[in-house]
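**Q** The following block contains the structure, expressed as structure tokens.
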Amino acid sequence: MGRVIVMDHPLIQHKIGLMRRTETGSKDFRTLAGEVAMFECYEATRDLELQDVEIETPICKTTVKELKGKKLAVVPILRAGLGMVDGMLEMIPAAKVGHIGLYRDPETAEPIEYYCKLPADCANREVFVVDPMLATGGSASAAITMLKEKGVKSIRFMCIIAAPEGVKRLTEEHPDVDVYIGALDEGLNEHKYIIPGLGDAGDRIFGTK
């Protein structure tokens with residue numbers, strides 16, 4: 001059964017508070033998004049398996065811990081998810097990166113795929129799907145479904161801000177996926193934006209309107 005983990009680390013909360021501010025410009029917003037992703041990645045990889053490896057220090061031989069051969073991949077949901085990739089790679093530089101492109105149908109608000117490019121061995125990797133905002137949960141759920149259809153068995157989802165509606169949908173449709181959240185907000189407004197949220201993450205990362 002998947003877990004829902006809301007991060008309570010003071011640095012994550014502080015940086016999300018800065019991201020929420022209207023006066024925070026694109027440059028600072030991008031930096032903060034990467035930093036929050038890095039801190040979340042640190043928490044979300046806490047249970048990765050380790051193995052004993054014998055090495056030599058300048059003094060003697062000894063046994064140390066290393067990550068146990070589990071390959072990782074980071075898959076951002078385009079385009080806003082790109083803002084979290086560099087922070088993730090700071091923590092797990094050997095991870096491969098895939099991309100999933102979805103857009104929301106203006107009539108139905110349901111996600112439609114327009115791009116999918118994944119590492120060739122993605123099915124054998126532990127995959128972190130990243131998107132700053134988990135609003136209705138439609139895009140996240142669709143992206144995870146796409147990965148499962150391509151044989152991926154181990155998936156975690158990571159976002160910066162989530163609405164309860166999105167968490168509910170994601171956990172109902174994918175009960176086997178762990179969900180990591182920077183901050184759990186009040187809910188969605190009539191336009192499906194998270195309240196209080198931080199606006200459109202993609203526009204704020206890339207300086208578009």
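FYI, nothing fancy with the structure tokens labels: chains A, B, ... in order, residues from 1 per chain, ligands from 1 as they appear.
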Give me the residues near stretch 93-108 of chain A as a count of residues only, where near means some atom within 10 Å (using only C-alpha atoms) and where sequence neighbours in that chain fewer than 4 positions away do not count.
**A** 41
**Q** Using only C-alpha atoms, can you tell me which of A:Phe29, A:Phe157, A:Tyr180, A:Phe39 comes closest to A:Val6?
**A**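 Distance minimum relative to A:Val6 lands on A:Tyr180.
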**Q** Go through stretch 22-168 of chain A and collect every residue that DSSP, computed from the backbone, puts in alpha helix (DSSP H); the answer should be as a PyMOL selection string.
**A** chain A and resi 26-44+82-91+138-149+164-168
**Q** For atom CA of A:Lys15 and atom CA of A:Gly182, determine how far apart the two atoms are, in Å to one decimal place.
**A** 9.8 Å
**Q** Excluding A:Thr63 and residues on its chain fewer than 6 positions from it, collect all residues at most 9 Å away from it, counting only C-alpha atoms, and give them as a list of chain:residue names.
**A**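 Contacts, in chain order: A:Asp52, A:Val53, A:Glu54, A:Ile55, A:Glu56.
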**Q** Figure out the distance between atom CA of A:Leu18 and atom CA of A:Asp178, please, to one decimal in Å.
**A**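 So the two atoms, atom CA of A:Asp178 and atom CA of A:Leu18, lie 26.2 Å apart.
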**Q** Taking into account only C-alpha atoms, which residue in the set A:Lys61, A:Lys168, A:Ile161, A:Ser26 is nearest to A:Pro196?
**A** A:Ile161
